[in-house]
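**Student:** First the structure, then my questions, so here it is.
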Amino acid sequence: MPEALAPWAAALGLDLTERGDVLAIGPRIEVERRCLDLRAPADWPDADAVTTQALLDLVDEAFLADLDRRLGLRPLLAALSVDGRVHWHPSDPDDGLVQAAFRAHQRTDRGFGPSPGVLAATWLAARLRARDTHRVWLSEADWRIPADDRAMVEEMATGIAHAAAEVGDAARVAAWRERRLAQPAALTVGHLDLLALPG
């Protein structure tokens with residue numbers, strides 16, 4: 001984490017120092033690193049705000065409901081939840097088949113129970129709005145991967161194919177992957193950022 005925060009701190013003219021598990025950034029910001037089991041809610045620390053990244057679409061509805069309950073009147077920023085929009089440029093006849101299988105895989109249990117997958121961010125946003133304690137925004141935060149970033153495009157095609165083959169037509173998925181690796185293509189992957197502020 002220091003390596004990721006150091007350029008940001010330097011750009012703002014702030015010193016970053018590391019004291020064990022605590023990072024001090026300038027005179028007012030301290031970040032404490034902890035390794036916790038998110039499946040054991042008793043381990044969740046108290047905090048002034050909650051942030052997550054690429055998490056909501058991995059957990060189950062019970063976890064999301066518990067997050068909502070424990071949030072109380074704290075702010076929440078949940079970044080980068082997939083929302084099911086995936087566009088390849090140019091397209092392939094089996095893009096739809098592969099994406100349907102991939103979305104089905106995203107709803108399986110990945111350690112927390114069956115996930116709401118691509119509906120997670122909107123599910124939590126609706127729950128927060130219903131309790132009327134937060135102002136809630138959902139904003140698109142899409143990944144746009146250009147065709148000339150071959151390594152990333154190949155990684156995405158391989159990862160999508162691996163998951164899709166577990167629940168879909170493995171032979172067609174494998175053929176789709178081979179075509180994707182053979183032809184340069186740009187890729188847009190839809191994500192949502194969720195911001196909830198008390199008031």
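In the structure tokens, the first chain shown is A, the next is B, and so on; residue numbers restart at 1 for each chain, and ligands run from 1 in the order shown.
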Give me the residues near segment 85-89 of chain A as a list of chain:residue names, where near means some atom within 9 Å (using only C-alpha atoms) and where sequence neighbours in that chain fewer than 2 positions away do not count.
**Tutor:**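 In the requested form, the answer reads A:Val82, A:Asp83, A:Ser91, A:Asp92, A:Asp95, A:Gln99, A:Val118, A:Asp142, A:Ala147, A:Pro184, A:Ala185, A:Ala186, A:Leu187, A:Thr188, A:Val189, A:Gly190, A:His191.
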**Student:** Just to be explicit: take each residue in the selection above, keep N, CA, C and O atoms, and write the result as a JSON list (two decimals), in the first residue's frame.
**Tutor:**
```
[["chain", "number", "residue", "atom", "x", "y", "z"],
["A", 82, "VAL", "N", -18.87, -4.68, -10.69],
["A", 82, "VAL", "CA", -19.28, -4.98, -12.06],
["A", 82, "VAL", "C", -20.80, -4.90, -12.17],
["A", 82, "VAL", "O", -21.52, -5.20, -11.22],
["A", 83, "ASP", "N", -21.27, -4.45, -13.34],
["A", 83, "ASP", "CA", -22.71, -4.30, -13.53],
["A", 83, "ASP", "C", -23.24, -5.08, -14.73],
["A", 83, "ASP", "O", -24.40, -4.92, -15.11],
["A", 91, "SER", "N", -17.18, -7.08, -32.35],
["A", 91, "SER", "CA", -17.93, -8.12, -31.65],
["A", 91, "SER", "C", -17.66, -9.49, -32.25],
["A", 91, "SER", "O", -17.09, -9.61, -33.33],
["A", 92, "ASP", "N", -18.09, -10.52, -31.53],
["A", 92, "ASP", "CA", -17.99, -11.90, -31.96],
["A", 92, "ASP", "C", -19.38, -12.52, -31.82],
["A", 92, "ASP", "O", -20.11, -12.17, -30.89],
["A", 95, "ASP", "N", -20.23, -13.63, -28.26],
["A", 95, "ASP", "CA", -20.06, -12.74, -27.11],
["A", 95, "ASP", "C", -21.22, -12.88, -26.13],
["A", 95, "ASP", "O", -21.02, -12.97, -24.92],
["A", 99, "GLN", "N", -20.93, -14.14, -22.30],
["A", 99, "GLN", "CA", -21.24, -13.20, -21.23],
["A", 99, "GLN", "C", -22.38, -13.70, -20.35],
["A", 99, "GLN", "O", -22.37, -13.50, -19.14],
["A", 118, "VAL", "N", -23.88, -8.99, -10.72],
["A", 118, "VAL", "CA", -23.94, -7.69, -11.37],
["A", 118, "VAL", "C", -25.02, -6.78, -10.80],
["A", 118, "VAL", "O", -25.06, -5.60, -11.11],
["A", 142, "ASP", "N", -16.44, 2.75, -15.86],
["A", 142, "ASP", "CA", -16.10, 1.63, -16.74],
["A", 142, "ASP", "C", -14.61, 1.51, -16.98],
["A", 142, "ASP", "O", -13.87, 2.50, -17.00],
["A", 147, "ALA", "N", -7.39, -1.96, -27.75],
["A", 147, "ALA", "CA", -6.96, -3.18, -28.45],
["A", 147, "ALA", "C", -5.45, -3.36, -28.41],
["A", 147, "ALA", "O", -4.95, -4.49, -28.45],
["A", 184, "PRO", "N", -7.07, -8.74, -32.53],
["A", 184, "PRO", "CA", -7.04, -7.59, -31.62],
["A", 184, "PRO", "C", -8.45, -7.03, -31.43],
["A", 184, "PRO", "O", -9.23, -6.94, -32.38],
["A", 185, "ALA", "N", -8.78, -6.69, -30.21],
["A", 185, "ALA", "CA", -10.09, -6.14, -29.90],
["A", 185, "ALA", "C", -9.99, -5.22, -28.70],
["A", 185, "ALA", "O", -9.17, -5.44, -27.80],
["A", 186, "ALA", "N", -10.80, -4.18, -28.71],
["A", 186, "ALA", "CA", -10.94, -3.32, -27.53],
["A", 186, "ALA", "C", -12.05, -3.86, -26.66],
["A", 186, "ALA", "O", -12.94, -4.57, -27.13],
["A", 187, "LEU", "N", -12.00, -3.53, -25.39],
["A", 187, "LEU", "CA", -12.96, -4.08, -24.44],
["A", 187, "LEU", "C", -13.40, -2.99, -23.47],
["A", 187, "LEU", "O", -12.57, -2.23, -22.95],
["A", 188, "THR", "N", -14.70, -2.91, -23.24],
["A", 188, "THR", "CA", -15.26, -2.04, -22.20],
["A", 188, "THR", "C", -15.99, -2.92, -21.21],
["A", 188, "THR", "O", -16.84, -3.73, -21.59],
["A", 189, "VAL", "N", -15.63, -2.79, -19.93],
["A", 189, "VAL", "CA", -16.26, -3.57, -18.87],
["A", 189, "VAL", "C", -16.97, -2.60, -17.93],
["A", 189, "VAL", "O", -16.34, -1.73, -17.32],
["A", 190, "GLY", "N", -18.30, -2.74, -17.84],
["A", 190, "GLY", "CA", -19.08, -1.83, -17.03],
["A", 190, "GLY", "C", -18.90, -2.05, -15.54],
["A", 190, "GLY", "O", -18.96, -3.18, -15.05],
["A", 191, "HIS", "N", -18.65, -0.97, -14.83],
["A", 191, "HIS", "CA", -18.55, -0.97, -13.37],
["A", 191, "HIS", "C", -19.35, 0.21, -12.83],
["A", 191, "HIS", "O", -19.53, 1.22, -13.51]]
```
**Student:** Would you return as a PyMOL selection string the members of segment 3-197 of chain A that DSSP assigns to helix (DSSP H, G or I) on this structure's backbone?
**Tutor:** chain A and resi 3-11+41-43+56-58+61-71+95-106+117-131+150-167+170-182
**Student:** Could you check how far atom CA of Glu140 of chain A sits from atom CA of Val98 of chain A, in Å to one decimal?
**Tutor:**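 Computing the Euclidean distance for atom CA of Glu140 of chain A and atom CA of Val98 of chain A yields 22.6 Å.
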**Student:** Step one, run DSSP on the backbone; step two, keep only residues of segment 3-157 of chain A assigned to strand (DSSP E or B); then write them as a PyMOL selection string.
**Tutor:** chain A and resi 16-19+22-25+29-32+50-53+76-89+109+114+134-140+143-145
**Student:** Give one line per residue of segment 44-151 of chain A that approaches segment 161-172 of chain A to at most 9 Å, naming the two atoms of the closest pair and their distance in Å to one decimal, counting only C-alpha atoms; sort by chain then ascending residue number and deliver it as a Markdown table.
**Tutor:**
```
| residue | atom | partner | partner_atom | distance |
| --- | --- | --- | --- | --- |
| A:Asp94 | CA | A:Arg172 | CA | 7.8 |
| A:Leu97 | CA | A:Gly168 | CA | 8.1 |
| A:Val98 | CA | A:Ala164 | CA | 6.0 |
| A:Gln99 | CA | A:Ala164 | CA | 7.4 |
| A:Ala100 | CA | A:Ala164 | CA | 8.0 |
| A:Ala101 | CA | A:Ala164 | CA | 4.7 |
| A:Phe102 | CA | A:Ala164 | CA | 4.4 |
| A:Arg103 | CA | A:Ala164 | CA | 8.0 |
| A:Ala104 | CA | A:Val167 | CA | 7.2 |
| A:His105 | CA | A:Ala163 | CA | 6.2 |
| A:Gln106 | CA | A:Ala163 | CA | 8.3 |
```
**Student:** Take the residues from that selection and write them out as a PDB file, in the first residue's frame, keeping all heavy atoms.
**Tutor:**
```pdb
ATOM      1  N   ASP A  94     -20.384 -15.160 -30.557  1.00  0.00           N
ATOM      2  CA  ASP A  94     -20.625 -15.835 -29.279  1.00  0.00           C
ATOM      3  C   ASP A  94     -20.389 -14.944 -28.059  1.00  0.00           C
ATOM      4  O   ASP A  94     -20.382 -15.441 -26.920  1.00  0.00           O
ATOM      5  CB  ASP A  94     -19.763 -17.101 -29.178  1.00  0.00           C
ATOM      6  CG  ASP A  94     -20.400 -18.286 -29.890  1.00  0.00           C
ATOM      7  OD1 ASP A  94     -21.630 -18.257 -30.108  1.00  0.00           O
ATOM      8  OD2 ASP A  94     -19.669 -19.239 -30.216  1.00  0.00           O
ATOM      9  N   LEU A  97     -23.383 -15.400 -25.661  1.00  0.00           N
ATOM     10  CA  LEU A  97     -23.377 -16.706 -24.995  1.00  0.00           C
ATOM     11  C   LEU A  97     -22.339 -16.726 -23.877  1.00  0.00           C
ATOM     12  O   LEU A  97     -22.625 -17.176 -22.753  1.00  0.00           O
ATOM     13  CB  LEU A  97     -23.077 -17.797 -26.019  1.00  0.00           C
ATOM     14  CG  LEU A  97     -22.902 -19.213 -25.473  1.00  0.00           C
ATOM     15  CD1 LEU A  97     -23.597 -20.223 -26.377  1.00  0.00           C
ATOM     16  CD2 LEU A  97     -21.413 -19.563 -25.369  1.00  0.00           C
ATOM     17  N   VAL A  98     -21.141 -16.233 -24.170  1.00  0.00           N
ATOM     18  CA  VAL A  98     -20.069 -16.252 -23.171  1.00  0.00           C
ATOM     19  C   VAL A  98     -20.408 -15.329 -22.010  1.00  0.00           C
ATOM     20  O   VAL A  98     -20.237 -15.689 -20.837  1.00  0.00           O
ATOM     21  CB  VAL A  98     -18.717 -15.868 -23.815  1.00  0.00           C
ATOM     22  CG1 VAL A  98     -17.638 -15.676 -22.757  1.00  0.00           C
ATOM     23  CG2 VAL A  98     -18.292 -16.942 -24.818  1.00  0.00           C
ATOM     24  N   GLN A  99     -20.930 -14.140 -22.300  1.00  0.00           N
ATOM     25  CA  GLN A  99     -21.241 -13.205 -21.226  1.00  0.00           C
ATOM     26  C   GLN A  99     -22.379 -13.705 -20.347  1.00  0.00           C
ATOM     27  O   GLN A  99     -22.375 -13.501 -19.137  1.00  0.00           O
ATOM     28  CB  GLN A  99     -21.558 -11.823 -21.792  1.00  0.00           C
ATOM     29  CG  GLN A  99     -20.317 -11.063 -22.228  1.00  0.00           C
ATOM     30  CD  GLN A  99     -19.206 -11.065 -21.193  1.00  0.00           C
ATOM     31  OE1 GLN A  99     -18.073 -11.432 -21.491  1.00  0.00           O
ATOM     32  NE2 GLN A  99     -19.509 -10.676 -19.970  1.00  0.00           N
ATOM     33  N   ALA A 100     -23.368 -14.385 -20.952  1.00  0.00           N
ATOM     34  CA  ALA A 100     -24.459 -14.947 -20.144  1.00  0.00           C
ATOM     35  C   ALA A 100     -23.911 -15.997 -19.179  1.00  0.00           C
ATOM     36  O   ALA A 100     -24.290 -16.034 -17.996  1.00  0.00           O
ATOM     37  CB  ALA A 100     -25.528 -15.547 -21.045  1.00  0.00           C
ATOM     38  N   ALA A 101     -23.006 -16.829 -19.649  1.00  0.00           N
ATOM     39  CA  ALA A 101     -22.399 -17.841 -18.779  1.00  0.00           C
ATOM     40  C   ALA A 101     -21.531 -17.179 -17.709  1.00  0.00           C
ATOM     41  O   ALA A 101     -21.523 -17.597 -16.549  1.00  0.00           O
ATOM     42  CB  ALA A 101     -21.586 -18.821 -19.602  1.00  0.00           C
ATOM     43  N   PHE A 102     -20.803 -16.149 -18.104  1.00  0.00           N
ATOM     44  CA  PHE A 102     -19.946 -15.428 -17.155  1.00  0.00           C
ATOM     45  C   PHE A 102     -20.788 -14.779 -16.057  1.00  0.00           C
ATOM     46  O   PHE A 102     -20.452 -14.862 -14.873  1.00  0.00           O
ATOM     47  CB  PHE A 102     -19.113 -14.381 -17.895  1.00  0.00           C
ATOM     48  CG  PHE A 102     -18.137 -13.646 -17.018  1.00  0.00           C
ATOM     49  CD1 PHE A 102     -17.077 -14.310 -16.432  1.00  0.00           C
ATOM     50  CD2 PHE A 102     -18.281 -12.287 -16.788  1.00  0.00           C
ATOM     51  CE1 PHE A 102     -16.172 -13.631 -15.619  1.00  0.00           C
ATOM     52  CE2 PHE A 102     -17.388 -11.603 -15.982  1.00  0.00           C
ATOM     53  CZ  PHE A 102     -16.335 -12.273 -15.405  1.00  0.00           C
ATOM     54  N   ARG A 103     -21.907 -14.145 -16.430  1.00  0.00           N
ATOM     55  CA  ARG A 103     -22.791 -13.531 -15.432  1.00  0.00           C
ATOM     56  C   ARG A 103     -23.384 -14.588 -14.500  1.00  0.00           C
ATOM     57  O   ARG A 103     -23.535 -14.353 -13.296  1.00  0.00           O
ATOM     58  CB  ARG A 103     -23.892 -12.715 -16.107  1.00  0.00           C
ATOM     59  CG  ARG A 103     -23.418 -11.359 -16.610  1.00  0.00           C
ATOM     60  CD  ARG A 103     -24.570 -10.472 -17.000  1.00  0.00           C
ATOM     61  NE  ARG A 103     -25.340 -11.000 -18.113  1.00  0.00           N
ATOM     62  CZ  ARG A 103     -25.049 -10.801 -19.394  1.00  0.00           C
ATOM     63  NH1 ARG A 103     -23.988 -10.090 -19.729  1.00  0.00           N
ATOM     64  NH2 ARG A 103     -25.806 -11.304 -20.337  1.00  0.00           N
ATOM     65  N   ALA A 104     -23.728 -15.760 -15.057  1.00  0.00           N
ATOM     66  CA  ALA A 104     -24.244 -16.847 -14.215  1.00  0.00           C
ATOM     67  C   ALA A 104     -23.182 -17.287 -13.205  1.00  0.00           C
ATOM     68  O   ALA A 104     -23.481 -17.550 -12.038  1.00  0.00           O
ATOM     69  CB  ALA A 104     -24.691 -18.020 -15.078  1.00  0.00           C
ATOM     70  N   HIS A 105     -21.943 -17.357 -13.658  1.00  0.00           N
ATOM     71  CA  HIS A 105     -20.843 -17.735 -12.758  1.00  0.00           C
ATOM     72  C   HIS A 105     -20.674 -16.702 -11.649  1.00  0.00           C
ATOM     73  O   HIS A 105     -20.375 -17.052 -10.495  1.00  0.00           O
ATOM     74  CB  HIS A 105     -19.541 -17.883 -13.547  1.00  0.00           C
ATOM     75  CG  HIS A 105     -18.393 -18.363 -12.715  1.00  0.00           C
ATOM     76  ND1 HIS A 105     -17.578 -17.501 -12.002  1.00  0.00           N
ATOM     77  CD2 HIS A 105     -17.935 -19.612 -12.451  1.00  0.00           C
ATOM     78  CE1 HIS A 105     -16.666 -18.195 -11.355  1.00  0.00           C
ATOM     79  NE2 HIS A 105     -16.863 -19.480 -11.604  1.00  0.00           N
ATOM     80  N   GLN A 106     -20.877 -15.436 -11.973  1.00  0.00           N
ATOM     81  CA  GLN A 106     -20.715 -14.380 -10.976  1.00  0.00           C
ATOM     82  C   GLN A 106     -21.740 -14.487  -9.850  1.00  0.00           C
ATOM     83  O   GLN A 106     -21.539 -13.914  -8.786  1.00  0.00           O
ATOM     84  CB  GLN A 106     -20.812 -13.000 -11.638  1.00  0.00           C
ATOM     85  CG  GLN A 106     -19.587 -12.667 -12.470  1.00  0.00           C
ATOM     86  CD  GLN A 106     -19.745 -11.335 -13.180  1.00  0.00           C
ATOM     87  OE1 GLN A 106     -20.728 -11.105 -13.879  1.00  0.00           O
ATOM     88  NE2 GLN A 106     -18.787 -10.467 -12.993  1.00  0.00           N
TER      89      GLN A 106
END
```
**Student:** Nearest to Arg28 of chain A among A:Val153, A:Ala40, A:Leu76, A:Leu14, with distances taken over only C-alpha atoms: which residue is it?
**Tutor:**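 Between A:Val153, A:Ala40, A:Leu76, A:Leu14, the residue approaching Arg28 of chain A most closely is A:Leu14.
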**Student:** One number please: atom CA of Glu155 of chain A to atom CA of Thr108 of chain A, in Å, one decimal.
**Tutor:**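 Result for atom CA of Glu155 of chain A versus atom CA of Thr108 of chain A: 21.3 Å, one decimal.
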**Student:** Closest to Thr133 of chain A among A:Leu23, A:Leu36, A:Leu5, A:Ala196, using only C-alpha atoms?
**Tutor:**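 Of the candidates, the smallest distance to Thr133 of chain A is held by A:Ala196.
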**Student:** At a cut-off of 10 Å, using only C-alpha atoms, what residues contact Val136 of chain A? Leave out same-chain residues fewer than 5 positions from it and give the result as an MDAnalysis selection string.
**Tutor:** chainID A and resid 75:77 124:126 128:129 194:199
**Student:** I need the residue nearest His134 of chain A from this list: A:Pro7, A:Gly72, A:Pro2, A:Gly13. Use only C-alpha atoms for the distance.
**Tutor:**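 Selected residue with least distance to His134 of chain A: A:Gly72.
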**Student:** Select, from A:Trp176, A:Thr122, A:Pro146, A:Ala42, the residue with the minimum atom-to-atom distance to Ala78 of chain A, counting only C-alpha atoms.
**Tutor:**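 Closest to Ala78 of chain A of all the choices is A:Thr122.
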**Student:** Just checking: using only C-alpha atoms, which residue out of A:Pro90, A:Asp15, A:Ile29, A:Ala121 ends up closest to Glu61 of chain A?
**Tutor:** A:Ala121
**Student:** Within 6 Å of segment 112-114 of chain A, counting only C-alpha atoms, which residues qualify if same-chain residues fewer than 3 places away don't, as a list of chain:residue names?
**Tutor:**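 Here the answer would be A:Val59, A:Asp60, A:Arg107, A:Thr108, A:Asp109.
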**Student:** What does the distance between atom CA of Arg33 of chain A and atom CA of Leu16 of chain A come to in Å, to one decimal place?
**Tutor:**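 Distance reported for this atom pair: 14.5 Å.
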**Student:** Taking into account only C-alpha atoms, which residue in the set A:Leu192, A:Thr51, A:Gly84, A:Glu178 is nearest to Gly96 of chain A?
**Tutor:**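 Closest to Gly96 of chain A, using only C-alpha atoms: A:Gly84.
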